[in-house]
Amino acid sequence: MPIGRKLRRVGLAVLALLVVGVVGHRVALHFWAKHHYGLAATALERRDFPQARSHLEKCLSVWPGEPAVLLLAAQTARRMRDFDEAIRYQKLCKKKGLGEGLEREYALLELQEGDLAAADWYQTFCADHPDSAETPLILEAIIVGRLNVLFPLYAEKPAARGKAVPGLAELRQAVDQWLRLRPGDADQVQGLVWRGRALRVLGEHARAVGDFREALRRDPDHFEGRLVLALAVVQDAPEEAATCFEALRRRDPNNPTIRLALARVRRCLGQLEQARKLLEELQASRPDDVGCLLESGHLALDALQPYEAERLLRRALTLAPRMPEIHLALSRCLLQLGRAREAKQHQDLFLSLDAERKRHEAP
Amino acid sequence: MQPPPQSRTGLWLLCAALAAALVGGAGYWITRPSSPVNGGLPPDGDMTPVDSGPPWFSDVTAGSGLDFTYRNGEEAGQTTMLEFLGGGVALLDYDGDGLLDIFVTGGGHFGGADRKQIKGYPCKLFRNLGGWKFKDVTKEVGLDTVSWWYTHGAAVADYDRDGWPDLLVTGYGRIALFRNVPVDPADPSKGRRFEDVTAKVGLKDDSWSTSAGWADLDGDGYPDLYVCHYLDWSWTNNPVCEGAGTGGKRDVCPPQKFKPLVHALFRNEKGERFREVTGEHGFKAEGCGLGVVLVDVNADGRPDIYVANDATNNFLFMNRGGKLEEKGMLAGVAVDNNGRFNASMGVDAADYDGSGRPSLWVTNFQFELHALYRNLGGESFDYASHAAGMAAIGMHRVGFGTAFVDVDNDGWEDLVIANGHVLRFPTQGNTLPQRPVLMRNVASEGRRSFQDISKRAGPFFQEPRVGRGVAVGDLDNDGRPDLVFSHTNGPVILLTNEAPAAKWLGVKLVGRDNRDVVGSTVVLQTDGRKLTRFAKGGGSYLSSPDRRILFGLGETGKPGRLTVRWAWGREESFDGLEPGAYWELREGNPQPRRLDTPPR
């Protein structure tokens with residue numbers, strides 16, 4: 001056989017192999033992406049949003065322009081409260097020309113952030129269309145949005161309490177519907193946590209704590225459940241709250257709110273050394289955090305270290321000169337230092353700033 | 001037969017290794033670096049676990065003869081403000097037999113067709129017969145003929161300086177002073193009785209009085225009287241309040257619905273007359289007063305007054321040589337660490353931290369931390385509830401009667417709190433009856449803090465009740481302080497202290513010519529420690545404790561010199577006091593007298 005022909009055959013074979021390889025690779029990638037898409041869906045069933053996002057990102061590395069995946073990624077980011085990421089995905093969806101689904105996603109983001117202008121309309125939709133595939137997603141956004149307004153996640157207590165609180169009845173209705181529609185374990189646990197938070201707005205503290213405890217019995221790692229239980233029992237059972245905050249800190253070691261809350265509980269329990277360690281770590285990473293400076297000031301006062309307290313509180317005062325609590329703490333500090341006249345000045349400032357704040361807060 | 005050479009070598013090697021290990025271990029033991037405890041702070045010597053073991057208090061009410069219940073008349077369904085205050089307990093040795101007797105207020109009810117006639121239930125006096133037996137002697141002492149009104153509190157002092165404790169009773173619309181007099185002046189063996197001298201001494205108070213306290217505020221030797229007034233509730237000012245958790249049912253109103261009343265200060269004019277002098281001090285003591293303690297807070301030898309108010313700022317009246325100056329806010333004891341007034345009820349003062357100064361302690365409402373104001377000296381206090389670990393008991397209880405009491409005689413004063421809600425339908429999972437609390441004063445991180453030991457305290461502390469008054473006193477003279485609790489619509493409970501035995505020393509201060517001793521400070525030097533105690537007036541809630549002073553000396557403590565800084569007087573020292581007994585210390589007499597205490 002002439003050499004040229006031989007070479008051509010070899011070339012063809014190589015080419016064929018290449019084509020097969022490329023096609024095979026593409027097919028394999030497709031299946032890999034599909035596999036991750038499936039895993040993302042499973043993770044979403046478990047409400048494991050970080051895992052779902054991780055799978056979706058892998059999926060998008062293969063299908064970067066796939067609108068359905070982009071939309072799901074936007075939803076997932078929203079549901080895990082990463083609103084910047086949600087908006088980024090929404091923009092990508094828009095570039096791909098996604099229409100109706102994206103419009104709804106815009107609306108759900110607004111709802112979830114606490115803009116409840118369309119909440120009643122959507123809630124009516126859910127009531128009228130309980131079997132719609134969209135209903136659970138909408139309900140979730142409504143519930144989270146209403147809770148954001150009535151009782152933000154990290155708040156120790158709701159802004160207002162009682163059955164007459166506007167929006168509470170609708171919130172409870174939405175949660176009840178959620179619990180009826182979503183029988184899966186993860187969704188039931190989440191529903192119990194939401195119901196507990198709604199009960200706290202209602203003033204049904206014991207029932208709320210009961211819901212939180214039941215949720216944690218079913219899923220001991222439920223972050224939100226552990227957090228709201230800690231905040232609910234911080235006054236009645238601070239030791240238990242401290243244990244909860246410790247568990248949360250292990251899960252999310254860099255969360256400054258949790259570290260500060262834990263430090264505060266430790267201080268309230270008289271465990272000043274443990275509180276000090278936490279606050280020192282926090283201050284190192286957030287030197288201008290007024291809450292941390294104030295808490296550190298209180299800690300120094302509890303430990304009868306007024307000079308250190310004054311340093312911390314003066315620094316806090318430069319950052320937030322009209323915060324009444326700093327003036328009050330400074331007044332306590334100056335009393336410890338025997339500077340009664342200055343203490344009185346800050347006491348008076350506290351009273352006037354506090355009264356001013358109450359006037360603003362009054363309906 | 002000898003072992004093979006290899007075996008012997010092995011044995012030697014083993015022995016050598018063991019010896020080396022022993023020497024090394026011993027060397028390490030001797031030279032080891034001392035491990036820091038709590039970051040190098042002093043060791044927590046008394047953090048002994050006390051969770052298990054026999055209970056420290058036993059309920060001996062049953063069979064004691066102390067059978068009494070304070071009643072508030074709630075069955076009339078009026079749900080008035082009157083009903084939630086409850087009643088108190090006064091401990092006094094009215095007959096001078098060396099055993100503390102128990103006086104309890106009766107409360108009241110609503111009579112008439114419209115159930116709007118406010119009537120009183122009788123108060124009772126129980127004589128201590130010893131051996132934990134009590135006898136109702138109300139009739140014998142002449143208190144059965146008193147036309148009782150709706151009563152709350154009792155306060156004890158020798159107002160006329162005759163050496164016998166007299167009794168003041170407070171309540172709605174009236175107070176009464178009962179003078180302790182002999183049944184037969186010619187025959188002391190016939191015992192004592194009480195005579196109502198209220199009108200005779202011009203003691204007129206038709207307001208709503210709660211806690212009261214005695215102390216010589218002007219230095220004339222006669223105890224003056226501070227009476228807390230509550231608020232302006234009456235049938236003509238009786239709003240209907242719906243409780244937050246009642247589902248539309250009526251509940252007790254919050255105090256903010258009413259105006260606080262001006263408290264009363266009565267000057268004792270030589271034990272013959274009382275003159276109200278509130279207005280003469282240039283201040284207006286206006287607050288919903290519920291608790292008062294009189295003690296020398298600034299070591300100037302004069303009794304000062306601290307008042308716990310419900311839903312208004314607490315007062316601290318500094319005694320400026322007979323003139324009073326209100327300094328609550330400036331001193332840092334009027335409000336909590338959030339700058340807010342609390343709903344304060346019970347109150348006491350003690351040197352809980354070994355500073356030699358009396359810190360102030362106040363029990364508060366649900367969702368408020370009980371307030372411990374650490375005395376920094378210089379009429380300055382610091383809010384120390386957090387540093388002292390008070391938050392550990394939670395904020396779901398409503399605290400009333402309270403007292404510093406060294407229950408285990410370790411020389412550190414612990415805290416007892418009677419709890420019970422005021423609302424019939426409390427919210428947030430709370431209940432009207434609540435468990436009392438006992439907190440032990442322990443060392444922690446180099447300072448003093450309080451640890452909840454209610455589990456060890458005994459079954460009484462596990463059972464919810466509507467607690468109100470509590471009085472501390474050594475009812476069996478064994479040197480271990482016992483407790484008497486009053487409850488609303490529940491029996492008075494008598495608890496005997498059965499904490500592990502420790503050494504103790506008791507003193508009874510007697511002022512020159514029986515002048516009042518409240519405001520005196522007593523310092524006992526022991527092995528390496530200085531224990532400071534205070535002669536106090538008032539204290540707790542609606543109640544009056546044993547006025548003798550107990551020093552717990554621990555297991556090995558030996559009393560040294562005891563120094564009394566007499567109120568309005570000089571300093572005197574007493575030596576040679578043996579532990580395990582009560583000693584009478586008379587002002588001006590350097591010789592302490594060992595008191596004969598009747599058999600237990």
# chains A, B, ... in the order shown; residues from 1 in each chain; ligands from 1

call {"tool": "closest_atom_pairs", "arguments": {"of": "chain B", "to": "chain A", "cutoff": "6 Å", "atoms": "only C-alpha atoms", "output": "Markdown table"}}
result
| residue | atom | partner | partner_atom | distance |
| --- | --- | --- | --- | --- |
| B:His386 | CA | A:Cys268 | CA | 4.4 |
| B:Ala387 | CA | A:Gly270 | CA | 4.3 |
| B:Ala388 | CA | A:Gly270 | CA | 5.5 |
| B:Gly389 | CA | A:Gly270 | CA | 4.2 |
| B:Ala391 | CA | A:Leu269 | CA | 5.5 |
| B:Ala392 | CA | A:Leu269 | CA | 5.5 |
| B:Gly394 | CA | A:Asp236 | CA | 4.0 |
| B:Met395 | CA | A:Asp236 | CA | 5.1 |
| B:His396 | CA | A:Asp236 | CA | 5.3 |
| B:Gln428 | CA | A:His205 | CA | 4.4 |
| B:Gly429 | CA | A:Ala206 | CA | 4.6 |

call {"tool": "residues_around", "arguments": {"residues": "A:Asp115", "least_positions_apart": "5", "cutoff": "12 Å", "atoms": "only C-alpha atoms", "output": "PyMOL selection string"}}
result
chain A and resi 106-110+120+141-149

call {"tool": "residues_around", "arguments": {"residues": "A:Pro158", "least_positions_apart": "2", "cutoff": "6 Å", "atoms": "only C-alpha atoms", "output": "compact mmCIF listing (two decimals) with N, CA and C atoms, in the first residue's frame"}}
result
# COMPACT_ATOMS: atom_id res chain seq x y z
N PHE A 151 -40.83 40.06 62.51
CA PHE A 151 -39.92 39.48 63.49
C PHE A 151 -38.65 39.02 62.78
N ALA A 160 -43.67 44.09 67.62
CA ALA A 160 -44.98 44.23 68.27
C ALA A 160 -45.51 42.83 68.52
N VAL A 201 -44.75 36.21 67.69
CA VAL A 201 -45.38 37.51 67.41
C VAL A 201 -46.75 37.55 68.07

call {"tool": "residues_around", "arguments": {"residues": "stretch 122-133 of chain B", "least_positions_apart": "6", "cutoff": "7 Å", "atoms": "only C-alpha atoms", "output": "PDB file with C-alpha atoms, in the first residue's frame"}}
result
ATOM      1  CA  SER B  64     -45.778  22.490 114.161  1.00  0.00           C
ATOM      2  CA  GLY B  65     -48.991  24.284 115.008  1.00  0.00           C
ATOM      3  CA  LEU B  66     -48.208  27.021 112.523  1.00  0.00           C
ATOM      4  CA  LEU B  99     -37.141  32.023 120.969  1.00  0.00           C
ATOM      5  CA  LEU B 100     -38.383  33.829 117.904  1.00  0.00           C
ATOM      6  CA  ASP B 101     -42.154  33.975 117.540  1.00  0.00           C
ATOM      7  CA  ILE B 102     -43.992  34.389 114.275  1.00  0.00           C
ATOM      8  CA  PHE B 103     -46.489  37.103 113.366  1.00  0.00           C
ATOM      9  CA  VAL B 104     -48.370  36.808 110.092  1.00  0.00           C
ATOM     10  CA  THR B 105     -50.696  39.260 108.389  1.00  0.00           C
ATOM     11  CA  GLY B 106     -54.114  38.040 107.384  1.00  0.00           C
ATOM     12  CA  TRP B 148     -58.410  44.062 111.329  1.00  0.00           C
ATOM     13  CA  ASP B 476     -34.262  26.939 116.979  1.00  0.00           C
ATOM     14  CA  ARG B 600     -33.764  23.316 120.800  1.00  0.00           C
TER      15      ARG B 600
END

call {"tool": "residues_around", "arguments": {"residues": "A:Asp288", "least_positions_apart": "2", "cutoff": "9 Å", "atoms": "only C-alpha atoms", "output": "PyMOL selection string"}}
result
chain A and resi 283+286+290-293+315-316+319

call {"tool": "residues_around", "arguments": {"residues": "A:Thr257", "least_positions_apart": "5", "cutoff": "10 Å", "atoms": "only C-alpha atoms", "output": "PyMOL selection string"}}
result
chain A and resi 154+249+262-263+282+291-292

call {"tool": "closest_residue", "arguments": {"among": "B:Ala157, B:Gly271, B:Leu225, B:Met81", "to": "B:Pro254", "atoms": "only C-alpha atoms"}}
result
B:Met81

call {"tool": "atom_distance", "arguments": {"atom1": "atom CA of B:Leu203", "atom2": "atom CA of B:His263"}}
result
14.1 Å

call {"tool": "closest_residue", "arguments": {"among": "A:Leu150, A:Ala355, A:Phe125, A:Leu181", "to": "A:Val165", "atoms": "only C-alpha atoms"}}
result
A:Leu150

call {"tool": "atom_distance", "arguments": {"atom1": "atom CA of B:Ser486", "atom2": "atom CA of B:Asp596"}}
result
29.5 Å
